[in-house]
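A.B. asks: To start, I am sharing the structure in question, which I have written as structure tokens.
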Amino acid sequence: MGHPFYITTAISYPNGRPHIGHAYEAIAADAIARFQRQAGRDVRFQTGTDEHGLKMVQTARDRGVEVRALADEMSGYFKVMCDKLAISYDRFIRTTDADHHRASQAIWQAMADTGDLYLDRYEGWYSVRDEAFYDEKELTEGEGGAKLSPQGTPVTWTAEETWFFRLSKYQQPLLDFYAANPDFIRPEARRNEILRFVEGGLSDLSVSRTSFDWGVAVPGSPGHVMYVWVDALTNYLTGAGYPDRELRYWPADLHLIGKDIVRFHAVYWPAFLMSAGIALPKTVFGHGFLLHRGEKMSKSLGNVVDPLDLAEAFGVDGLRYFLLREVSFGQDGSYSAEAIVTRVNAELANAFGNLAQRTLSFIAKNLGGAFPDAGRAEAADAQLIEEVVVACAGLRAGFTDLLLSQGVEAWLRGVFACNQYIDAQAPWSLRKTDPERMHAVLRTLVRAIRMLAIAILPVVPEGAGRVLDQINADERDHEAIDDDGWYQRQVDAGATIAPPTPAFPRLELPAETEPA
Ligand code: ME8
């Protein structure tokens, strides 16, 4: 079994249905998980829902439902979204799960044992929408003098007796840790933000609440539930088996989250872990936000789109491909129906889909589906294979280093090289004039298509899987890409190619283009 690789998404607040931002994060994490499985890693991939906290309590109250009923219903939508989008998670965690309560109480106890928790009175600003405390100096003024958090959300003054965590004690240990582990916070812009924040000094953190009881009970302290972020962050440990099992998948290799919650993951979380004596995750990556036609999604703008409607309109593969190819990973990105249709048609349907479709249906029709012979090879053939090898290596390098869009771009160069090769070699017209040469060209194309399909599997698992099924290519990991013996083994086994069905259909712009 390979070396473990533990990857997580943020767990989403199920106070409403999932939106495209949630889908984007799940898709990116899934592509990385699939890629690491192909690389031979023993992958553990976790996603789920963050069900406690005041925001859930207030939403349930506003809707006149029990908070547990709200959590059950909405969490269900998140799970359905993951399943529909081919998200290959190993566990969909809910923070209401019993083992998660145990893990949260165990880490709490460990922090208490270190002497890092004390009871005091909290007075300060709280944003329910962010579930975050802010210092006075971080606030800005909104319309009519209302105080706003740095995220632009309203804050309210709260005062109650709570447990505090000695965050201030970890300022220097955190700075030392960041210095020794330059890849802990990525990308660079997020890292700089966090360095500035921590260098500015850390106040102790209020980590329990007494004004409501929807949360994980604080051990030995009746009336207190944990601050939602304490239990939310602990989900990553719960999924690894803490505190019951040996932690094969800990420390996590990658916490993939959005840029708005880097502070929780890169400051609070490592401080909690240091206090509890638990190893720190290797990387926290804060991806950018997805905007609709360059604008922030908001209910009042009416541009909050159900990701399943997008998958319905453009296909699961189409949506996945667009998001990973279009958005430079780590930066904000924008989407629109036109942009999706244009890119998917040009790159997936035409450049790659058509390449496979034309080649395989020609073989099915004119060679009775038999794998083409060696024929008469020319230098151009080896040259194309070399370009495809470079393209697949480019995808691998990009995905290894979390440069996802650059990885797909490298892959696309291999696809374009195949299209140029077809135009130059014109195999269809060689059928009568030079069948030996035609065989060599088709053989080269089948080999190239197979390598490119394996490489792009993490991005478009369904369509690429279908192309590979059509040529009986069963091995689909990175070693298979480098396996030069595959073709001859197919020939020896008498494998055939049946008339293919298109793996990447062309899209039409929906008649009614708003709001997608
Ligand atoms: O923050 N584009 O939950 P959440 C891209 N429960 N990503 C976006 C986005 C957008 N427009 N909007 C949100 C929470 N996200 C906490 C996390 S983890 C221990 C607890 C991302 O439902 C956001 O950045 O508000 C976060 O990573 C994820 O979606 C869930 O957001």
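Naming scheme: A, B, ... for chains in displayed order of the structure tokens; residues 1 onward per chain; ligands 1 onward as shown.
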Just list as an MDAnalysis selection string whatever in stretch 221-295 of chain A DSSP marks as strand (DSSP E or B).
C.D. replies: chainID A and resid 225:226 254:258 283:287 290:292 295
A.B. asks: Which residues form the shell of 9 Å around ligand 1 when you count only C-alpha atoms and all ligand atoms, given as a ChimeraX atom specification?
C.D. replies: /A:9-16,18-26,49-51,129-131,228-236,255-262,264-265,286-292,296-297,332-333
A.B. asks: Can you list, as a short mmCIF file (atom, residue, chain, number, x, y, z; two decimals) with C-alpha atoms, in the first residue's frame, every protein, DNA or RNA residue that comes within 10 Å of A:Trp428 when you count only C-alpha atoms, leaving out same-chain residues fewer than 6 positions away?
C.D. replies:
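The resulting file, around.cif, is shown below:
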```cif
data_model
loop_
_atom_site.label_atom_id
_atom_site.label_comp_id
_atom_site.auth_asym_id
_atom_site.auth_seq_id
_atom_site.Cartn_x
_atom_site.Cartn_y
_atom_site.Cartn_z
CA ARG A 358 -12.69 10.28 -35.39
CA THR A 359 -9.75 7.98 -34.80
CA PHE A 362 -12.36 5.11 -38.43
CA ASN A 366 -12.25 0.42 -41.80
CA ILE A 422 -3.68 14.32 -37.94
CA PRO A 435 -2.24 1.62 -46.11
CA MET A 438 -2.00 4.68 -42.43
CA VAL A 441 -0.34 6.80 -38.02
CA LEU A 442 -3.46 5.28 -36.48
#
```
A.B. asks: Give me the residues near A:Arg413 as a ChimeraX atom specification, where near means some atom within 12 Å (using only C-alpha atoms) and where sequence neighbours in that chain fewer than 4 positions away do not count.
C.D. replies: /A:347,351-352,384,386-395,406-409,417-420,452
A.B. asks: How would the residues just chosen look if you wrote them out with N, CA and C atoms as a PDB file, in the first residue's frame?
C.D. replies:
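Result saved to part-v1.pdb:
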```pdb
ATOM      1  N   GLU A 347     -12.132  22.887 -26.369  1.00  0.00           N
ATOM      2  CA  GLU A 347     -11.042  22.058 -25.863  1.00  0.00           C
ATOM      3  C   GLU A 347     -11.449  20.606 -25.618  1.00  0.00           C
ATOM      4  N   ALA A 351     -11.281  19.532 -29.591  1.00  0.00           N
ATOM      5  CA  ALA A 351      -9.855  19.164 -29.644  1.00  0.00           C
ATOM      6  C   ALA A 351      -9.620  17.735 -29.159  1.00  0.00           C
ATOM      7  N   PHE A 352     -10.161  17.362 -28.013  1.00  0.00           N
ATOM      8  CA  PHE A 352      -9.884  16.009 -27.511  1.00  0.00           C
ATOM      9  C   PHE A 352     -10.965  15.003 -27.908  1.00  0.00           C
ATOM     10  N   LEU A 384       5.563  12.792 -32.107  1.00  0.00           N
ATOM     11  CA  LEU A 384       4.268  13.054 -31.471  1.00  0.00           C
ATOM     12  C   LEU A 384       4.215  12.387 -30.100  1.00  0.00           C
ATOM     13  N   GLU A 386       6.546  11.742 -28.139  1.00  0.00           N
ATOM     14  CA  GLU A 386       7.385  12.523 -27.240  1.00  0.00           C
ATOM     15  C   GLU A 386       6.642  13.773 -26.743  1.00  0.00           C
ATOM     16  N   GLU A 387       5.946  14.445 -27.655  1.00  0.00           N
ATOM     17  CA  GLU A 387       5.183  15.637 -27.242  1.00  0.00           C
ATOM     18  C   GLU A 387       4.087  15.279 -26.244  1.00  0.00           C
ATOM     19  N   VAL A 388       3.480  14.116 -26.438  1.00  0.00           N
ATOM     20  CA  VAL A 388       2.414  13.683 -25.536  1.00  0.00           C
ATOM     21  C   VAL A 388       2.995  13.294 -24.171  1.00  0.00           C
ATOM     22  N   VAL A 389       4.166  12.659 -24.189  1.00  0.00           N
ATOM     23  CA  VAL A 389       4.838  12.332 -22.926  1.00  0.00           C
ATOM     24  C   VAL A 389       5.117  13.619 -22.143  1.00  0.00           C
ATOM     25  N   VAL A 390       5.597  14.627 -22.830  1.00  0.00           N
ATOM     26  CA  VAL A 390       5.890  15.914 -22.178  1.00  0.00           C
ATOM     27  C   VAL A 390       4.607  16.543 -21.637  1.00  0.00           C
ATOM     28  N   ALA A 391       3.531  16.451 -22.417  1.00  0.00           N
ATOM     29  CA  ALA A 391       2.250  17.033 -21.992  1.00  0.00           C
ATOM     30  C   ALA A 391       1.751  16.337 -20.722  1.00  0.00           C
ATOM     31  N   CYS A 392       1.819  15.018 -20.702  1.00  0.00           N
ATOM     32  CA  CYS A 392       1.345  14.282 -19.520  1.00  0.00           C
ATOM     33  C   CYS A 392       2.237  14.578 -18.316  1.00  0.00           C
ATOM     34  N   ALA A 393       3.522  14.711 -18.549  1.00  0.00           N
ATOM     35  CA  ALA A 393       4.431  15.060 -17.448  1.00  0.00           C
ATOM     36  C   ALA A 393       4.115  16.464 -16.940  1.00  0.00           C
ATOM     37  N   GLY A 394       3.724  17.349 -17.855  1.00  0.00           N
ATOM     38  CA  GLY A 394       3.359  18.716 -17.462  1.00  0.00           C
ATOM     39  C   GLY A 394       2.128  18.708 -16.577  1.00  0.00           C
ATOM     40  N   LEU A 395       1.165  17.851 -16.922  1.00  0.00           N
ATOM     41  CA  LEU A 395      -0.024  17.754 -16.072  1.00  0.00           C
ATOM     42  C   LEU A 395       0.369  17.224 -14.698  1.00  0.00           C
ATOM     43  N   GLN A 406      -2.494  25.246 -14.827  1.00  0.00           N
ATOM     44  CA  GLN A 406      -1.285  25.071 -15.642  1.00  0.00           C
ATOM     45  C   GLN A 406      -1.121  23.615 -16.060  1.00  0.00           C
ATOM     46  N   GLY A 407      -1.492  22.713 -15.173  1.00  0.00           N
ATOM     47  CA  GLY A 407      -1.419  21.280 -15.495  1.00  0.00           C
ATOM     48  C   GLY A 407      -2.318  20.922 -16.662  1.00  0.00           C
ATOM     49  N   VAL A 408      -3.548  21.432 -16.622  1.00  0.00           N
ATOM     50  CA  VAL A 408      -4.484  21.122 -17.707  1.00  0.00           C
ATOM     51  C   VAL A 408      -4.003  21.768 -19.012  1.00  0.00           C
ATOM     52  N   GLU A 409      -3.440  22.962 -18.878  1.00  0.00           N
ATOM     53  CA  GLU A 409      -2.912  23.641 -20.067  1.00  0.00           C
ATOM     54  C   GLU A 409      -1.793  22.830 -20.738  1.00  0.00           C
ATOM     55  N   ALA A 417      -1.115  18.969 -30.288  1.00  0.00           N
ATOM     56  CA  ALA A 417      -0.068  18.331 -31.092  1.00  0.00           C
ATOM     57  C   ALA A 417      -0.672  17.167 -31.889  1.00  0.00           C
ATOM     58  N   CYS A 418      -1.583  16.424 -31.277  1.00  0.00           N
ATOM     59  CA  CYS A 418      -2.239  15.314 -31.979  1.00  0.00           C
ATOM     60  C   CYS A 418      -3.072  15.830 -33.150  1.00  0.00           C
ATOM     61  N   ASN A 419      -3.756  16.938 -32.923  1.00  0.00           N
ATOM     62  CA  ASN A 419      -4.580  17.489 -34.006  1.00  0.00           C
ATOM     63  C   ASN A 419      -3.720  17.958 -35.184  1.00  0.00           C
ATOM     64  N   GLN A 420      -2.594  18.554 -34.863  1.00  0.00           N
ATOM     65  CA  GLN A 420      -1.686  18.970 -35.949  1.00  0.00           C
ATOM     66  C   GLN A 420      -1.147  17.756 -36.691  1.00  0.00           C
ATOM     67  N   LEU A 452      -3.173  10.435 -23.068  1.00  0.00           N
ATOM     68  CA  LEU A 452      -3.854  11.690 -22.731  1.00  0.00           C
ATOM     69  C   LEU A 452      -5.116  11.428 -21.914  1.00  0.00           C
TER      70      LEU A 452
END
```
A.B. asks: DSSP on the backbone: what in stretch 4-211 of chain A comes out helix (DSSP H, G or I), as a short mmCIF file (atom, residue, chain, number, x, y, z; two decimals) with N, CA and C atoms, in the first residue's frame?
C.D. replies:
```
data_model
loop_
_atom_site.label_atom_id
_atom_site.label_comp_id
_atom_site.auth_asym_id
_atom_site.auth_seq_id
_atom_site.Cartn_x
_atom_site.Cartn_y
_atom_site.Cartn_z
N ILE A 20 -22.25 27.30 -6.04
CA ILE A 20 -21.17 26.93 -6.95
C ILE A 20 -19.79 27.00 -6.27
N GLY A 21 -19.65 27.88 -5.26
CA GLY A 21 -18.38 27.94 -4.52
C GLY A 21 -18.09 26.63 -3.81
N HIS A 22 -19.13 26.04 -3.23
CA HIS A 22 -18.96 24.74 -2.58
C HIS A 22 -18.60 23.67 -3.60
N ALA A 23 -19.28 23.72 -4.74
CA ALA A 23 -19.01 22.73 -5.79
C ALA A 23 -17.56 22.86 -6.28
N TYR A 24 -17.13 24.09 -6.45
CA TYR A 24 -15.77 24.34 -6.93
C TYR A 24 -14.74 23.71 -6.00
N GLU A 25 -14.90 23.96 -4.71
CA GLU A 25 -13.93 23.42 -3.74
C GLU A 25 -13.94 21.88 -3.76
N ALA A 26 -15.13 21.30 -3.81
CA ALA A 26 -15.23 19.83 -3.82
C ALA A 26 -14.58 19.26 -5.08
N ILE A 27 -14.80 19.92 -6.21
CA ILE A 27 -14.25 19.43 -7.49
C ILE A 27 -12.73 19.52 -7.48
N ALA A 28 -12.21 20.63 -7.01
CA ALA A 28 -10.75 20.78 -6.98
C ALA A 28 -10.12 19.73 -6.07
N ALA A 29 -10.72 19.54 -4.89
CA ALA A 29 -10.18 18.53 -3.97
C ALA A 29 -10.28 17.14 -4.57
N ASP A 30 -11.39 16.89 -5.25
CA ASP A 30 -11.57 15.56 -5.85
C ASP A 30 -10.53 15.29 -6.93
N ALA A 31 -10.26 16.30 -7.75
CA ALA A 31 -9.27 16.11 -8.82
C ALA A 31 -7.90 15.81 -8.21
N ILE A 32 -7.58 16.49 -7.12
CA ILE A 32 -6.29 16.25 -6.47
C ILE A 32 -6.27 14.84 -5.86
N ALA A 33 -7.38 14.44 -5.24
CA ALA A 33 -7.46 13.10 -4.64
C ALA A 33 -7.30 12.02 -5.71
N ARG A 34 -8.02 12.18 -6.82
CA ARG A 34 -7.92 11.19 -7.89
C ARG A 34 -6.50 11.14 -8.46
N PHE A 35 -5.91 12.33 -8.60
CA PHE A 35 -4.55 12.39 -9.13
C PHE A 35 -3.57 11.65 -8.20
N GLN A 36 -3.70 11.87 -6.90
CA GLN A 36 -2.78 11.22 -5.95
C GLN A 36 -3.00 9.71 -5.92
N ARG A 37 -4.25 9.27 -6.11
CA ARG A 37 -4.48 7.82 -6.21
C ARG A 37 -3.76 7.26 -7.42
N GLN A 38 -3.81 7.99 -8.54
CA GLN A 38 -3.10 7.53 -9.74
C GLN A 38 -1.60 7.46 -9.50
N LEU A 54 -24.05 29.38 16.16
CA LEU A 54 -25.14 30.33 16.27
C LEU A 54 -25.83 30.56 14.92
N LYS A 55 -25.05 30.50 13.84
CA LYS A 55 -25.65 30.74 12.53
C LYS A 55 -26.73 29.70 12.23
N MET A 56 -26.44 28.45 12.57
CA MET A 56 -27.43 27.38 12.37
C MET A 56 -28.64 27.61 13.27
N VAL A 57 -28.37 27.98 14.52
CA VAL A 57 -29.46 28.20 15.47
C VAL A 57 -30.38 29.30 14.96
N GLN A 58 -29.77 30.40 14.51
CA GLN A 58 -30.59 31.54 14.06
C GLN A 58 -31.35 31.24 12.77
N THR A 59 -30.70 30.54 11.85
CA THR A 59 -31.39 30.21 10.59
C THR A 59 -32.60 29.33 10.87
N ALA A 60 -32.41 28.34 11.76
CA ALA A 60 -33.52 27.45 12.10
C ALA A 60 -34.66 28.24 12.74
N ARG A 61 -34.29 29.15 13.62
CA ARG A 61 -35.31 29.97 14.29
C ARG A 61 -36.08 30.79 13.25
N ASP A 62 -35.34 31.43 12.33
CA ASP A 62 -36.00 32.24 11.30
C ASP A 62 -36.96 31.40 10.45
N ARG A 63 -36.59 30.15 10.21
CA ARG A 63 -37.45 29.32 9.36
C ARG A 63 -38.51 28.58 10.15
N VAL A 67 -33.36 22.97 14.78
CA VAL A 67 -32.04 23.10 14.15
C VAL A 67 -31.55 21.74 13.64
N ARG A 68 -31.87 20.67 14.35
CA ARG A 68 -31.44 19.36 13.86
C ARG A 68 -32.11 18.99 12.54
N ALA A 69 -33.38 19.38 12.42
CA ALA A 69 -34.11 19.09 11.18
C ALA A 69 -33.50 19.89 10.02
N LEU A 70 -33.13 21.16 10.30
CA LEU A 70 -32.48 21.98 9.28
C LEU A 70 -31.16 21.34 8.86
N ALA A 71 -30.37 20.92 9.84
CA ALA A 71 -29.07 20.31 9.55
C ALA A 71 -29.24 19.03 8.73
N ASP A 72 -30.19 18.21 9.12
CA ASP A 72 -30.41 16.95 8.39
C ASP A 72 -30.79 17.22 6.94
N GLU A 73 -31.72 18.13 6.75
CA GLU A 73 -32.20 18.38 5.39
C GLU A 73 -31.08 18.96 4.51
N MET A 74 -30.44 20.01 5.01
CA MET A 74 -29.45 20.71 4.18
C MET A 74 -28.17 19.87 4.00
N SER A 75 -27.79 19.16 5.03
CA SER A 75 -26.61 18.31 4.88
C SER A 75 -26.85 17.30 3.77
N GLY A 76 -28.09 16.82 3.70
CA GLY A 76 -28.45 15.88 2.63
C GLY A 76 -28.19 16.47 1.25
N TYR A 77 -28.50 17.76 1.05
CA TYR A 77 -28.25 18.38 -0.25
C TYR A 77 -26.76 18.44 -0.58
N PHE A 78 -25.95 18.68 0.44
CA PHE A 78 -24.50 18.72 0.19
C PHE A 78 -23.99 17.35 -0.24
N LYS A 79 -24.50 16.33 0.41
CA LYS A 79 -24.05 14.97 0.07
C LYS A 79 -24.49 14.61 -1.35
N VAL A 80 -25.74 14.95 -1.67
CA VAL A 80 -26.23 14.67 -3.02
C VAL A 80 -25.39 15.41 -4.05
N MET A 81 -25.04 16.67 -3.74
CA MET A 81 -24.20 17.41 -4.67
C MET A 81 -22.89 16.68 -4.91
N CYS A 82 -22.26 16.23 -3.83
CA CYS A 82 -20.98 15.53 -3.98
C CYS A 82 -21.15 14.28 -4.83
N ASP A 83 -22.19 13.54 -4.58
CA ASP A 83 -22.40 12.30 -5.33
C ASP A 83 -22.65 12.59 -6.81
N LYS A 84 -23.43 13.60 -7.10
CA LYS A 84 -23.74 13.93 -8.50
C LYS A 84 -22.51 14.44 -9.24
N ALA A 98 -21.50 11.00 16.27
CA ALA A 98 -21.08 10.72 17.66
C ALA A 98 -19.56 10.69 17.82
N ASP A 99 -18.85 10.08 16.86
CA ASP A 99 -17.39 10.00 17.04
C ASP A 99 -16.75 11.39 16.98
N HIS A 100 -17.43 12.33 16.30
CA HIS A 100 -16.89 13.68 16.24
C HIS A 100 -17.01 14.40 17.59
N HIS A 101 -18.09 14.14 18.29
CA HIS A 101 -18.22 14.72 19.64
C HIS A 101 -17.10 14.19 20.54
N ARG A 102 -16.83 12.89 20.41
CA ARG A 102 -15.75 12.31 21.23
C ARG A 102 -14.41 12.94 20.90
N ALA A 103 -14.12 13.11 19.62
CA ALA A 103 -12.83 13.68 19.21
C ALA A 103 -12.70 15.12 19.71
N SER A 104 -13.78 15.89 19.62
CA SER A 104 -13.73 17.30 20.02
C SER A 104 -13.49 17.41 21.52
N GLN A 105 -14.14 16.52 22.28
CA GLN A 105 -13.94 16.56 23.73
C GLN A 105 -12.53 16.10 24.10
N ALA A 106 -11.99 15.20 23.31
CA ALA A 106 -10.63 14.72 23.59
C ALA A 106 -9.59 15.82 23.35
N ILE A 107 -9.75 16.56 22.26
CA ILE A 107 -8.75 17.62 21.98
C ILE A 107 -8.93 18.74 23.01
N TRP A 108 -10.16 19.00 23.39
CA TRP A 108 -10.42 20.01 24.43
C TRP A 108 -9.69 19.62 25.71
N GLN A 109 -9.84 18.35 26.10
CA GLN A 109 -9.22 17.87 27.33
C GLN A 109 -7.69 17.99 27.24
N ALA A 110 -7.16 17.70 26.07
CA ALA A 110 -5.70 17.79 25.90
C ALA A 110 -5.23 19.23 26.06
N MET A 111 -6.00 20.18 25.54
CA MET A 111 -5.62 21.60 25.67
C MET A 111 -5.76 22.04 27.13
N ALA A 112 -6.80 21.52 27.79
CA ALA A 112 -6.98 21.85 29.21
C ALA A 112 -5.83 21.29 30.04
N ASP A 113 -5.40 20.07 29.72
CA ASP A 113 -4.31 19.44 30.46
C ASP A 113 -3.01 20.23 30.34
N THR A 114 -2.83 20.88 29.20
CA THR A 114 -1.63 21.71 29.01
C THR A 114 -1.72 23.00 29.81
N GLU A 136 -11.61 45.27 17.90
CA GLU A 136 -12.15 46.58 17.54
C GLU A 136 -11.37 47.18 16.35
N LYS A 137 -10.05 47.05 16.38
CA LYS A 137 -9.22 47.70 15.35
C LYS A 137 -9.41 47.10 13.95
N GLU A 138 -10.01 45.91 13.87
CA GLU A 138 -10.23 45.29 12.55
C GLU A 138 -11.51 45.76 11.89
N GLU A 143 -22.89 51.51 6.25
CA GLU A 143 -23.92 52.54 6.12
C GLU A 143 -24.56 52.84 7.47
N GLY A 144 -24.80 54.12 7.73
CA GLY A 144 -25.45 54.52 8.97
C GLY A 144 -24.60 54.26 10.20
N GLY A 145 -23.28 54.10 10.00
CA GLY A 145 -22.38 53.93 11.13
C GLY A 145 -22.33 52.53 11.71
N LEU A 167 -4.23 31.76 23.15
CA LEU A 167 -3.68 31.92 21.80
C LEU A 167 -2.44 32.80 21.82
N SER A 168 -2.43 33.80 22.71
CA SER A 168 -1.31 34.76 22.75
C SER A 168 0.02 34.03 22.97
N LYS A 169 -0.02 32.96 23.72
CA LYS A 169 1.17 32.18 24.03
C LYS A 169 1.81 31.57 22.76
N TYR A 170 0.98 31.41 21.71
CA TYR A 170 1.46 30.71 20.51
C TYR A 170 1.93 31.64 19.40
N GLN A 171 1.96 32.95 19.68
CA GLN A 171 2.39 33.88 18.62
C GLN A 171 3.79 33.50 18.09
N GLN A 172 4.75 33.42 19.00
CA GLN A 172 6.12 33.13 18.55
C GLN A 172 6.26 31.71 17.99
N PRO A 173 5.70 30.69 18.70
CA PRO A 173 5.76 29.34 18.11
C PRO A 173 5.17 29.27 16.70
N LEU A 174 4.08 30.01 16.46
CA LEU A 174 3.50 29.99 15.12
C LEU A 174 4.44 30.66 14.11
N LEU A 175 4.99 31.81 14.48
CA LEU A 175 5.89 32.50 13.56
C LEU A 175 7.10 31.63 13.24
N ASP A 176 7.61 30.94 14.26
CA ASP A 176 8.74 30.04 14.03
C ASP A 176 8.33 28.90 13.09
N PHE A 177 7.12 28.40 13.31
CA PHE A 177 6.65 27.29 12.47
C PHE A 177 6.50 27.74 11.02
N TYR A 178 5.92 28.93 10.80
CA TYR A 178 5.76 29.43 9.41
C TYR A 178 7.13 29.57 8.75
N ALA A 179 8.09 30.07 9.53
CA ALA A 179 9.42 30.30 8.95
C ALA A 179 10.07 28.98 8.56
N ALA A 180 9.87 27.97 9.39
CA ALA A 180 10.50 26.68 9.12
C ALA A 180 9.74 25.87 8.06
N GLU A 188 1.16 32.25 -1.85
CA GLU A 188 1.98 33.29 -1.25
C GLU A 188 1.17 34.46 -0.65
N ALA A 189 0.17 34.92 -1.37
CA ALA A 189 -0.60 36.09 -0.91
C ALA A 189 -1.27 35.79 0.43
N ARG A 190 -1.79 34.57 0.56
CA ARG A 190 -2.45 34.17 1.82
C ARG A 190 -1.42 34.07 2.94
N ARG A 191 -0.26 33.56 2.60
CA ARG A 191 0.80 33.42 3.59
C ARG A 191 1.20 34.80 4.14
N ASN A 192 1.35 35.75 3.25
CA ASN A 192 1.75 37.09 3.69
C ASN A 192 0.69 37.72 4.59
N GLU A 193 -0.57 37.52 4.21
CA GLU A 193 -1.67 38.03 5.03
C GLU A 193 -1.58 37.50 6.46
N ILE A 194 -1.37 36.19 6.56
CA ILE A 194 -1.34 35.55 7.88
C ILE A 194 -0.11 36.00 8.67
N LEU A 195 1.03 36.10 8.00
CA LEU A 195 2.23 36.57 8.70
C LEU A 195 1.99 37.94 9.31
N ARG A 196 1.39 38.84 8.52
CA ARG A 196 1.11 40.19 9.02
C ARG A 196 0.17 40.14 10.22
N PHE A 197 -0.85 39.31 10.11
CA PHE A 197 -1.84 39.21 11.19
C PHE A 197 -1.19 38.71 12.48
N VAL A 198 -0.39 37.66 12.38
CA VAL A 198 0.20 37.08 13.60
C VAL A 198 1.28 38.01 14.16
N GLU A 199 2.05 38.64 13.26
CA GLU A 199 3.06 39.59 13.74
C GLU A 199 2.43 40.76 14.50
#
```
A.B. asks: Quick one: distance from atom CA of A:Trp157 to atom CA of A:Gly124 in Å, one decimal?
C.D. replies: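 Atom CA of A:Trp157 sits 5.5 Å away from atom CA of A:Gly124.
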